[in-house]
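A short write-up of the structure that comes next.
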Amino acid sequence: MIIKKYVGKTESEATDEAKKELGQNIVVMNVRPMKKSGFLALFQSQKIEVTVALEEETEKPQRTFSPDKNSRPTPRKPVIDEAVKDTAQTLGAVTQSMPSAPARPKDIIDESSAIEEKLDNLSSLLEKNIKFSEKDDVSKELKEPAKSGLETLRTPKQSDISEETLSFIKLLYNTLIENEVDEIYVNQLTDEVEKICKPGMPFDFALSNVYQKMVLKFGKSEPIDNVENGPRAEIFVGPTGVGKTTTIAKLATDLTVNQKKKVALLTVDTYRIAAAEQLRTYASIIGIPFRVVYSEDEMRQAAEDFKDYDYIMVDTAGHSLKNEELKESVENFIRVLEDVMECENFLVLSATTKYRDLIEIADCYSSMVAYKLIFTKMDETGAKGNLYNVRMHTGAPIAYITNGQNVPDDIAVFDAQRIVKHLLGGKN
C-alpha cells in the first residue's frame with residue numbers, strides 16, 4: 001500500500017494533486033490544516049494537508065467503483081399499460097380532483113415539481129404520525145412468502161376505481177420499476193392502493209398511504225447504540241470490494257472522536273495484507289489500538305486484553321460464497337466472541353451490486369449470523385430500489401449508508417423517509 005501526504009491551499013487542490021500522481025482510486029484517510037511556523041507565519045495563507053492511500057497494482061483487483069449497465073438489473077417494461085411510456089412525462093399528466101375546490105377538466109399536476117412539493121409536505125406531516133409500534137405487523141408481512149411473476153399484478157378495472165386513481169397506480173408502478181424496486185414488491189404496493197382507494201378519493205390520500213406503508217416496511221434504523229457494560233463486539237462481514245474496512249474506519253472515528261468511547265480495532269482478514277495495513281493506518285491516525293488476529297486463541301486473548309474497552313470492532317475477510325473453508329473460519333471467530341461478550345453483526349453490501357447477487361449474498365450470511373445491513377457506494381447509483389428489495393427479502397434492519405470514501409464524513413444513519421421519497425420520484 002502506498003501512503004503519501006499532499007499539501008494545497010484547499011482540500012480539493014491537495015486531493016487533485018494526489019490523483020494526478022497516484023490515479024483516481026486513492027483513498028482519503030485524513031485531512032488537517034497545517035500549523036503555521038516561522039517569523040512570517042502571520043502573513044502566510046493557511047495550507048491543508050491531505051493523507052491518501054492507494055493499493056499497489058500487485059494487489060488483487062477490486063470491484064470497479066464506476067457503475068455500468070451490467071452492475072444493476074435492467075429496468076423492466078411496464079406491464080400495466082403501455083400508454084405510460086415515460087415517468088417524467090406522466091408526472092405532469094395525473095388529473096387532480098381536490099375536495100377543497102371545484103374540479104376543472106384541465107387541472108393537472110405541474111410536472112415533477114408538484115409531486116415533489118406533495119412529497120415534501122407528506123414527509124413533514126407523516127413524520128409526526130408514523131409510529132413503529134406496527135413493527136410486529138410489518139415483520140410478519142416481510143416474512144410472508146411473496147407471489148412471483150404476473151400472478152401478483154391485477155390490472156384494475158375501470159369500473160372499480162376512478163380515472164385519477166388508475167392514473168396514479170400506473171404512475172406509481174412505473175416510478176418504482178424505474179428505481180429498480182422488484183416487481184413482486186411493486187405489485188404488492190399497487191394492490192394495496194387499489195384496495196383502499198374509492199371513487200372521488202383525492203390523489204394525496206393514495207400517495208400518503210403508499211409513502212407511509214413503505215416507510216413502515218423499511219422500519220426504524222438500528223445504528224450502533226451506547227453500550228452500558230462493555231466491551232461489545234461490532235463485527236463486519238460481507239464480500240470483498242464493498243468497503244468494509246473504510247466503513248469501519250468511519251464508525252471507529254465517530255465513536256472515538258465524537259462520542260469519546262474507547263475503541264479497539266481487530267482484523268481477521270489475513271488474506272489481503274493491504275487491507276490490514278490500511279486499517280492499521282486508520283487506527284494510528286485515530287490513536288486507537290489495532291491487532292491482526294490469526295487464530296481463535298488469539299481472538300480469546302484479544303477479548304481479554306481489551307475487556308475494559310467500550311467497543312471492539314472486527315473486520316472479517318470477504319470470501320466467495322463457494323469458499324466453505326473461509327466461511328467456516330469467519331463463523332468460528334464470531335462464535336469465540338459470542339462466548340465472552342455481547343456481539344452485533346453488520347452485513348456490508350454495495351448498492352451497485354446486482355439484485356440477484358445481493359440476495360445470494362444475504363442468504364449466505366443469514367445461515368451464519370443474524371445481522372443488520374449497511375449499504376455502501378450510494379453515490380455511485382441513481383436507483384435505490386435494492387435497499388427496499390433486500391430489506392423486504394431479509395427482514396434485517398438497515399443501520400447505515402455510505403456515499404463516498406472520505407473518512408469519517410461520508411456515512412450516515414439510514415433515513416427511511418429520505419429513501420422512500422426518492423423511490424416515489426422525489427428529489428434528495
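Following the order of the C-alpha cells, first chain is A, next is B, and so on, with residues numbered from 1 inside each chain and ligands from 1 in the order they appear.
By only C-alpha atoms, and with residues fewer than 2 positions from stretch 176-180 of chain A along its chain excluded, the set lying at most 7 Å from it is Pro75, Arg76, Leu172, Tyr173, Asn174, Asp182, Glu183, Val186, Ala383, Lys384, Gly385, Asn386, Leu423 and Leu424 of chain A.
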File of the preceding selection, C-alpha atoms, as a CSV table (one decimal), in the first residue's frame:
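again-v9.csv was written with the following content:
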```csv
chain,number,residue,atom,x,y,z
A,75,PRO,CA,-35.3,-1.8,-15.8
A,76,ARG,CA,-38.4,-3.8,-16.8
A,172,LEU,CA,-46.6,4.5,-9.0
A,173,TYR,CA,-45.9,1.2,-10.8
A,174,ASN,CA,-43.6,2.8,-13.4
A,182,ASP,CA,-38.5,-5.7,-7.5
A,183,GLU,CA,-41.8,-6.2,-9.5
A,186,VAL,CA,-44.3,-3.1,-6.6
A,383,ALA,CA,-31.5,3.7,-8.5
A,384,LYS,CA,-32.0,2.8,-4.8
A,385,GLY,CA,-34.6,0.1,-5.1
A,386,ASN,CA,-32.2,-2.6,-3.9
A,423,LEU,CA,-38.2,5.9,-4.7
A,424,LEU,CA,-41.5,7.7,-5.2
```
Got a sec to tell me which of stretch 168-241 of chain A DSSP assigns to strand (DSSP E or B), as a ChimeraX atom specification? /A:232-237
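Across A:Val31, A:Ala233, A:Leu171, A:Met313, the tightest approach to A:Thr247 is made by A:Met313 when counting only C-alpha atoms.
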Hey, what's within 10 Å of A:Ser367 if we count only C-alpha atoms and toss same-chain stuff fewer than 4 positions away? As a list in words, please? Glu331, Ala362 and Asp363 of chain A
Do you have, as CSV, the list of residues of stretch 295-405 of chain A lying at most 6 Å from stretch 250-273 of chain A, each with its nearest atom pair and that distance in Å to one decimal, counting only C-alpha atoms and ordered by chain then number?
```
residue,atom,partner,partner_atom,distance
A:Tyr309,CA,A:Lys262,CA,5.1
A:Asp310,CA,A:Lys262,CA,5.2
A:Tyr311,CA,A:Val263,CA,4.9
A:Ile312,CA,A:Ala264,CA,4.9
A:Met313,CA,A:Leu265,CA,5.0
A:Val314,CA,A:Leu266,CA,4.8
A:Asp315,CA,A:Thr267,CA,4.6
A:Thr316,CA,A:Asp269,CA,5.2
A:Ala317,CA,A:Asp269,CA,4.3
```
Take the selection from the previous step and output its residues with N, CA and C atoms, as a tab-separated table (two decimals), in the first residue's frame.
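Final output, saved to selection00.tsv:
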```
chain	number	residue	atom	x	y	z
A	309	TYR	N	-12.53	-1.95	27.35
A	309	TYR	CA	-12.93	-1.03	26.28
A	309	TYR	C	-14.44	-1.03	26.10
A	310	ASP	N	-14.93	-0.02	25.40
A	310	ASP	CA	-16.37	0.05	25.11
A	310	ASP	C	-16.74	-0.80	23.90
A	311	TYR	N	-15.92	-0.68	22.85
A	311	TYR	CA	-16.23	-1.39	21.61
A	311	TYR	C	-14.98	-2.07	21.05
A	312	ILE	N	-15.15	-3.27	20.55
A	312	ILE	CA	-14.11	-3.96	19.79
A	312	ILE	C	-14.67	-4.16	18.39
A	313	MET	N	-14.08	-3.45	17.42
A	313	MET	CA	-14.59	-3.50	16.05
A	313	MET	C	-13.75	-4.48	15.25
A	314	VAL	N	-14.43	-5.43	14.59
A	314	VAL	CA	-13.75	-6.55	13.95
A	314	VAL	C	-14.01	-6.56	12.45
A	315	ASP	N	-12.93	-6.51	11.68
A	315	ASP	CA	-13.00	-6.62	10.23
A	315	ASP	C	-12.76	-8.08	9.84
A	316	THR	N	-13.65	-8.65	9.04
A	316	THR	CA	-13.50	-10.04	8.62
A	316	THR	C	-13.14	-10.13	7.15
A	317	ALA	N	-12.69	-11.29	6.74
A	317	ALA	CA	-12.28	-11.49	5.35
A	317	ALA	C	-13.49	-11.69	4.46
```
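Atom pair atom CA of A:Leu189 / atom CA of A:Pro223: separated by 27.4 Å.
Using only C-alpha atoms, the contacts of A:Lys307 at a cut-off of 8 Å, with sequence neighbours closer than 4 positions omitted, comprise Gly230, Pro231 and Ala303 of chain A.
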If you keep N, CA and C atoms, can you produce a file of those selected residues as a compact mmCIF listing (two decimals), in the first residue's frame?
```txt
# COMPACT_ATOMS: atom_id res chain seq x y z
N GLY A 230 -19.50 -2.64 28.63
CA GLY A 230 -18.64 -3.11 27.55
C GLY A 230 -17.72 -4.22 28.00
N PRO A 231 -16.96 -4.74 27.06
CA PRO A 231 -16.99 -4.32 25.66
C PRO A 231 -18.09 -5.03 24.87
N ALA A 303 -9.82 -10.46 23.25
CA ALA A 303 -11.04 -10.14 24.01
C ALA A 303 -10.69 -9.87 25.47
```
All helix (DSSP H, G or I) positions in stretch 143-332 of chain A, as a CSV table (one decimal) with N, CA and C atoms, in the first residue's frame:
```csv
chain,number,residue,atom,x,y,z
A,143,LYS,N,-42.0,-11.6,6.2
A,143,LYS,CA,-41.7,-13.0,6.2
A,143,LYS,C,-42.7,-13.8,5.4
A,149,GLY,N,-43.9,-13.3,-10.5
A,149,GLY,CA,-44.4,-13.1,-11.9
A,149,GLY,C,-45.6,-12.2,-12.0
A,150,LEU,N,-46.3,-12.4,-13.0
A,150,LEU,CA,-47.5,-11.6,-13.3
A,150,LEU,C,-48.7,-12.0,-12.5
A,151,GLU,N,-48.6,-13.1,-11.7
A,151,GLU,CA,-49.7,-13.5,-10.9
A,151,GLU,C,-50.1,-12.5,-9.9
A,152,THR,N,-49.1,-11.7,-9.5
A,152,THR,CA,-49.4,-10.7,-8.4
A,152,THR,C,-50.0,-9.4,-9.0
A,163,GLU,N,-60.6,7.3,-12.7
A,163,GLU,CA,-59.5,7.5,-13.7
A,163,GLU,C,-58.3,8.1,-13.0
A,164,GLU,N,-58.5,9.0,-12.0
A,164,GLU,CA,-57.4,9.5,-11.3
A,164,GLU,C,-56.6,8.5,-10.6
A,165,THR,N,-57.3,7.6,-9.9
A,165,THR,CA,-56.7,6.5,-9.2
A,165,THR,C,-55.9,5.6,-10.1
A,166,LEU,N,-56.6,5.2,-11.2
A,166,LEU,CA,-55.9,4.4,-12.2
A,166,LEU,C,-54.6,5.0,-12.7
A,167,SER,N,-54.7,6.3,-13.0
A,167,SER,CA,-53.5,7.0,-13.5
A,167,SER,C,-52.4,7.0,-12.4
A,168,PHE,N,-52.8,7.2,-11.2
A,168,PHE,CA,-51.8,7.2,-10.1
A,168,PHE,C,-51.2,5.8,-9.9
A,169,ILE,N,-52.0,4.7,-10.0
A,169,ILE,CA,-51.4,3.4,-9.9
A,169,ILE,C,-50.4,3.1,-11.0
A,170,LYS,N,-50.7,3.5,-12.2
A,170,LYS,CA,-49.8,3.4,-13.4
A,170,LYS,C,-48.5,4.2,-13.1
A,171,LEU,N,-48.7,5.4,-12.6
A,171,LEU,CA,-47.5,6.2,-12.3
A,171,LEU,C,-46.7,5.6,-11.2
A,172,LEU,N,-47.3,5.1,-10.2
A,172,LEU,CA,-46.6,4.5,-9.0
A,172,LEU,C,-45.8,3.3,-9.5
A,173,TYR,N,-46.5,2.5,-10.3
A,173,TYR,CA,-45.9,1.2,-10.8
A,173,TYR,C,-44.6,1.6,-11.6
A,174,ASN,N,-44.7,2.5,-12.6
A,174,ASN,CA,-43.6,2.8,-13.4
A,174,ASN,C,-42.4,3.5,-12.7
A,175,THR,N,-42.8,4.4,-11.7
A,175,THR,CA,-41.8,5.1,-11.0
A,175,THR,C,-40.9,4.1,-10.1
A,176,LEU,N,-41.6,3.2,-9.5
A,176,LEU,CA,-40.9,2.2,-8.6
A,176,LEU,C,-40.1,1.2,-9.5
A,177,ILE,N,-40.6,0.8,-10.6
A,177,ILE,CA,-39.9,-0.1,-11.5
A,177,ILE,C,-38.6,0.6,-12.0
A,178,GLU,N,-38.8,1.9,-12.4
A,178,GLU,CA,-37.6,2.7,-12.8
A,178,GLU,C,-36.5,2.8,-11.8
A,183,GLU,N,-40.4,-6.2,-9.0
A,183,GLU,CA,-41.8,-6.2,-9.5
A,183,GLU,C,-42.7,-6.8,-8.5
A,184,ILE,N,-42.3,-7.9,-7.8
A,184,ILE,CA,-43.1,-8.5,-6.8
A,184,ILE,C,-43.6,-7.5,-5.7
A,185,TYR,N,-42.7,-6.7,-5.2
A,185,TYR,CA,-43.0,-5.7,-4.2
A,185,TYR,C,-43.8,-4.5,-4.7
A,186,VAL,N,-43.5,-4.2,-6.0
A,186,VAL,CA,-44.3,-3.1,-6.6
A,186,VAL,C,-45.7,-3.5,-6.7
A,187,ASN,N,-46.0,-4.8,-7.2
A,187,ASN,CA,-47.3,-5.3,-7.3
A,187,ASN,C,-48.1,-5.3,-6.0
A,188,GLN,N,-47.3,-5.6,-4.9
A,188,GLN,CA,-48.0,-5.6,-3.6
A,188,GLN,C,-48.4,-4.2,-3.2
A,189,LEU,N,-47.6,-3.2,-3.5
A,189,LEU,CA,-48.0,-1.8,-3.2
A,189,LEU,C,-49.2,-1.3,-4.0
A,190,THR,N,-49.1,-1.7,-5.3
A,190,THR,CA,-50.2,-1.2,-6.2
A,190,THR,C,-51.6,-1.9,-5.8
A,191,ASP,N,-51.5,-3.2,-5.4
A,191,ASP,CA,-52.7,-3.9,-5.0
A,191,ASP,C,-53.3,-3.2,-3.7
A,192,GLU,N,-52.4,-2.8,-2.8
A,192,GLU,CA,-52.8,-2.1,-1.6
A,192,GLU,C,-53.5,-0.8,-1.9
A,193,VAL,N,-53.0,-0.1,-2.8
A,193,VAL,CA,-53.6,1.2,-3.2
A,193,VAL,C,-55.0,1.0,-3.8
A,194,GLU,N,-55.1,0.0,-4.7
A,194,GLU,CA,-56.4,-0.3,-5.3
A,194,GLU,C,-57.4,-0.7,-4.2
A,195,LYS,N,-57.0,-1.4,-3.2
A,195,LYS,CA,-57.9,-1.8,-2.1
A,195,LYS,C,-58.5,-0.6,-1.3
A,196,ILE,N,-57.6,0.4,-1.0
A,196,ILE,CA,-58.0,1.5,-0.2
A,196,ILE,C,-58.7,2.6,-0.9
A,203,PHE,N,-56.0,12.3,-4.8
A,203,PHE,CA,-54.7,11.8,-5.1
A,203,PHE,C,-53.8,11.8,-3.9
A,204,ASP,N,-53.9,12.8,-3.1
A,204,ASP,CA,-53.0,12.9,-2.0
A,204,ASP,C,-53.1,11.8,-1.0
A,205,PHE,N,-54.4,11.3,-0.8
A,205,PHE,CA,-54.6,10.2,0.1
A,205,PHE,C,-53.9,9.0,-0.3
A,206,ALA,N,-53.9,8.6,-1.6
A,206,ALA,CA,-53.2,7.4,-2.1
A,206,ALA,C,-51.7,7.6,-2.0
A,207,LEU,N,-51.2,8.7,-2.3
A,207,LEU,CA,-49.8,9.0,-2.2
A,207,LEU,C,-49.3,8.9,-0.7
A,208,SER,N,-50.1,9.5,0.1
A,208,SER,CA,-49.8,9.4,1.6
A,208,SER,C,-49.8,8.0,2.1
A,209,ASN,N,-50.7,7.2,1.6
A,209,ASN,CA,-50.8,5.8,2.1
A,209,ASN,C,-49.6,5.0,1.7
A,210,VAL,N,-49.2,5.2,0.4
A,210,VAL,CA,-48.1,4.4,-0.1
A,210,VAL,C,-46.8,4.9,0.6
A,211,TYR,N,-46.6,6.2,0.8
A,211,TYR,CA,-45.5,6.7,1.5
A,211,TYR,C,-45.3,6.1,2.9
A,212,GLN,N,-46.4,6.1,3.6
A,212,GLN,CA,-46.4,5.6,5.0
A,212,GLN,C,-46.1,4.1,5.0
A,213,LYS,N,-46.8,3.4,4.1
A,213,LYS,CA,-46.5,1.9,4.1
A,213,LYS,C,-45.1,1.6,3.8
A,214,MET,N,-44.5,2.3,2.9
A,214,MET,CA,-43.1,2.0,2.6
A,214,MET,C,-42.1,2.4,3.7
A,215,VAL,N,-42.4,3.5,4.3
A,215,VAL,CA,-41.6,3.9,5.5
A,215,VAL,C,-41.7,2.8,6.6
A,216,LEU,N,-42.9,2.4,6.9
A,216,LEU,CA,-43.1,1.4,7.9
A,216,LEU,C,-42.4,0.0,7.5
A,217,LYS,N,-42.5,-0.3,6.3
A,217,LYS,CA,-41.9,-1.6,5.9
A,217,LYS,C,-40.3,-1.5,6.0
A,218,PHE,N,-39.8,-0.3,5.7
A,218,PHE,CA,-38.3,-0.2,5.9
A,218,PHE,C,-38.0,-0.3,7.4
A,244,LYS,N,-15.8,-2.6,3.4
A,244,LYS,CA,-15.9,-2.9,4.9
A,244,LYS,C,-14.9,-2.1,5.7
A,245,THR,N,-13.6,-2.1,5.2
A,245,THR,CA,-12.5,-1.5,6.0
A,245,THR,C,-12.8,0.0,6.2
A,246,THR,N,-13.1,0.7,5.1
A,246,THR,CA,-13.4,2.1,5.1
A,246,THR,C,-14.5,2.4,6.0
A,247,THR,N,-15.6,1.6,6.0
A,247,THR,CA,-16.8,1.8,6.8
A,247,THR,C,-16.4,1.7,8.3
A,248,ILE,N,-15.6,0.7,8.6
A,248,ILE,CA,-15.2,0.5,10.0
A,248,ILE,C,-14.4,1.7,10.5
A,249,ALA,N,-13.5,2.2,9.6
A,249,ALA,CA,-12.7,3.4,10.0
A,249,ALA,C,-13.6,4.6,10.3
A,250,LYS,N,-14.7,4.8,9.4
A,250,LYS,CA,-15.6,5.9,9.6
A,250,LYS,C,-16.3,5.8,11.0
A,251,LEU,N,-16.8,4.6,11.3
A,251,LEU,CA,-17.5,4.4,12.5
A,251,LEU,C,-16.6,4.5,13.8
A,252,ALA,N,-15.4,3.9,13.6
A,252,ALA,CA,-14.5,4.0,14.7
A,252,ALA,C,-14.1,5.4,15.0
A,253,THR,N,-13.9,6.2,14.0
A,253,THR,CA,-13.6,7.6,14.2
A,253,THR,C,-14.7,8.4,14.9
A,254,ASP,N,-15.9,8.1,14.5
A,254,ASP,CA,-17.1,8.8,15.2
A,254,ASP,C,-17.2,8.4,16.6
A,255,LEU,N,-17.0,7.1,16.9
A,255,LEU,CA,-17.1,6.6,18.3
A,255,LEU,C,-16.0,7.2,19.2
A,256,THR,N,-14.8,7.3,18.6
A,256,THR,CA,-13.6,7.7,19.4
A,256,THR,C,-13.6,9.2,19.5
A,257,VAL,N,-13.7,10.0,18.4
A,257,VAL,CA,-13.6,11.4,18.4
A,257,VAL,C,-14.8,12.1,18.9
A,258,ASN,N,-16.0,11.8,18.4
A,258,ASN,CA,-17.2,12.5,18.7
A,258,ASN,C,-17.9,12.0,20.0
A,273,ILE,N,-3.2,-8.4,2.7
A,273,ILE,CA,-2.3,-7.7,3.6
A,273,ILE,C,-2.6,-6.2,3.5
A,274,ALA,N,-2.9,-5.7,2.3
A,274,ALA,CA,-3.1,-4.3,2.1
A,274,ALA,C,-4.3,-3.8,3.0
A,275,ALA,N,-5.3,-4.7,3.1
A,275,ALA,CA,-6.5,-4.3,3.9
A,275,ALA,C,-6.1,-4.1,5.4
A,276,ALA,N,-5.2,-5.1,5.9
A,276,ALA,CA,-4.8,-5.0,7.3
A,276,ALA,C,-4.0,-3.7,7.5
A,277,GLU,N,-3.1,-3.4,6.5
A,277,GLU,CA,-2.2,-2.2,6.7
A,277,GLU,C,-3.1,-0.9,6.6
A,278,GLN,N,-4.1,-1.0,5.8
A,278,GLN,CA,-5.0,0.2,5.7
A,278,GLN,C,-5.7,0.5,7.0
A,279,LEU,N,-6.2,-0.6,7.6
A,279,LEU,CA,-6.8,-0.5,8.9
A,279,LEU,C,-5.9,0.0,10.0
A,280,ARG,N,-4.6,-0.6,9.9
A,280,ARG,CA,-3.6,-0.2,10.9
A,280,ARG,C,-3.3,1.3,10.8
A,281,THR,N,-3.3,1.8,9.5
A,281,THR,CA,-3.0,3.2,9.3
A,281,THR,C,-4.2,4.1,9.9
A,282,TYR,N,-5.4,3.7,9.6
A,282,TYR,CA,-6.5,4.4,10.2
A,282,TYR,C,-6.4,4.4,11.7
A,283,ALA,N,-6.1,3.2,12.3
A,283,ALA,CA,-6.0,3.2,13.8
A,283,ALA,C,-5.0,4.1,14.3
A,284,SER,N,-3.8,4.2,13.6
A,284,SER,CA,-2.8,5.1,14.0
A,284,SER,C,-3.2,6.5,14.0
A,285,ILE,N,-3.9,6.9,12.9
A,285,ILE,CA,-4.4,8.3,12.8
A,285,ILE,C,-5.4,8.6,13.9
A,286,ILE,N,-6.3,7.7,14.2
A,286,ILE,CA,-7.3,7.9,15.2
A,286,ILE,C,-6.7,7.9,16.6
A,296,GLU,N,-8.2,-18.6,16.7
A,296,GLU,CA,-9.2,-18.5,17.7
A,296,GLU,C,-8.7,-18.2,19.1
A,297,ASP,N,-7.5,-18.8,19.4
A,297,ASP,CA,-6.8,-18.5,20.7
A,297,ASP,C,-6.4,-17.0,20.8
A,298,GLU,N,-5.9,-16.5,19.7
A,298,GLU,CA,-5.5,-15.1,19.7
A,298,GLU,C,-6.7,-14.2,19.8
A,299,MET,N,-7.9,-14.6,19.3
A,299,MET,CA,-9.1,-13.8,19.4
A,299,MET,C,-9.5,-13.8,20.9
A,300,ARG,N,-9.4,-15.0,21.6
A,300,ARG,CA,-9.8,-15.0,23.0
A,300,ARG,C,-8.9,-14.1,23.8
A,301,GLN,N,-7.6,-14.1,23.4
A,301,GLN,CA,-6.6,-13.2,24.2
A,301,GLN,C,-6.9,-11.8,23.9
A,302,ALA,N,-7.3,-11.4,22.7
A,302,ALA,CA,-7.6,-10.0,22.4
A,302,ALA,C,-8.8,-9.6,23.1
A,303,ALA,N,-9.8,-10.5,23.2
A,303,ALA,CA,-11.0,-10.1,24.0
A,303,ALA,C,-10.7,-9.9,25.5
A,304,GLU,N,-9.8,-10.6,26.0
A,304,GLU,CA,-9.3,-10.4,27.4
A,304,GLU,C,-8.5,-9.1,27.5
A,305,ASP,N,-7.6,-8.9,26.6
A,305,ASP,CA,-6.8,-7.7,26.6
A,305,ASP,C,-7.6,-6.4,26.5
A,324,GLU,N,-16.3,-22.6,1.4
A,324,GLU,CA,-16.8,-23.1,2.7
A,324,GLU,C,-15.8,-23.0,3.8
A,325,GLU,N,-14.5,-23.2,3.4
A,325,GLU,CA,-13.5,-23.2,4.5
A,325,GLU,C,-13.3,-21.8,5.1
A,326,LEU,N,-13.3,-20.8,4.2
A,326,LEU,CA,-13.1,-19.4,4.8
A,326,LEU,C,-14.4,-19.0,5.5
A,327,LYS,N,-15.5,-19.4,5.0
A,327,LYS,CA,-16.8,-19.1,5.6
A,327,LYS,C,-16.8,-19.7,7.0
A,328,GLU,N,-16.4,-20.9,7.2
A,328,GLU,CA,-16.4,-21.6,8.5
A,328,GLU,C,-15.4,-20.9,9.4
A,329,SER,N,-14.2,-20.4,8.9
A,329,SER,CA,-13.2,-19.7,9.7
A,329,SER,C,-13.8,-18.4,10.3
A,330,VAL,N,-14.5,-17.6,9.4
A,330,VAL,CA,-15.1,-16.4,9.9
A,330,VAL,C,-16.2,-16.7,11.0
A,331,GLU,N,-17.0,-17.7,10.7
A,331,GLU,CA,-18.0,-18.0,11.7
A,331,GLU,C,-17.4,-18.5,13.0
A,332,ASN,N,-16.3,-19.2,13.0
A,332,ASN,CA,-15.7,-19.6,14.2
A,332,ASN,C,-15.2,-18.4,15.1
```
Hey, what's within 9 Å of A:Glu222 if we count only C-alpha atoms and toss same-chain stuff fewer than 4 positions away? As a PDB file with C-alpha atoms, in the first residue's frame, please?
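Wrote it out as selection.pdb, contents follow:
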```pdb
ATOM      1  CA  LYS A 372     -28.016  -5.526  10.412  1.00  0.00           C
ATOM      2  CA  PRO A 397     -32.877  -3.520   9.659  1.00  0.00           C
ATOM      3  CA  ILE A 398     -30.710  -1.053   7.733  1.00  0.00           C
ATOM      4  CA  ALA A 399     -28.250   0.702  10.040  1.00  0.00           C
ATOM      5  CA  TYR A 400     -26.113   2.964   7.827  1.00  0.00           C
ATOM      6  CA  VAL A 413     -27.616   6.707   9.758  1.00  0.00           C
ATOM      7  CA  PHE A 414     -30.195   5.241   7.390  1.00  0.00           C
TER       8      PHE A 414
END
```
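Nearest-residue note for A:Phe333: choosing from A:Ala412, A:Ile235, A:Gly241, A:Asn389, the minimum distance belongs to A:Ile235, counting only C-alpha atoms.
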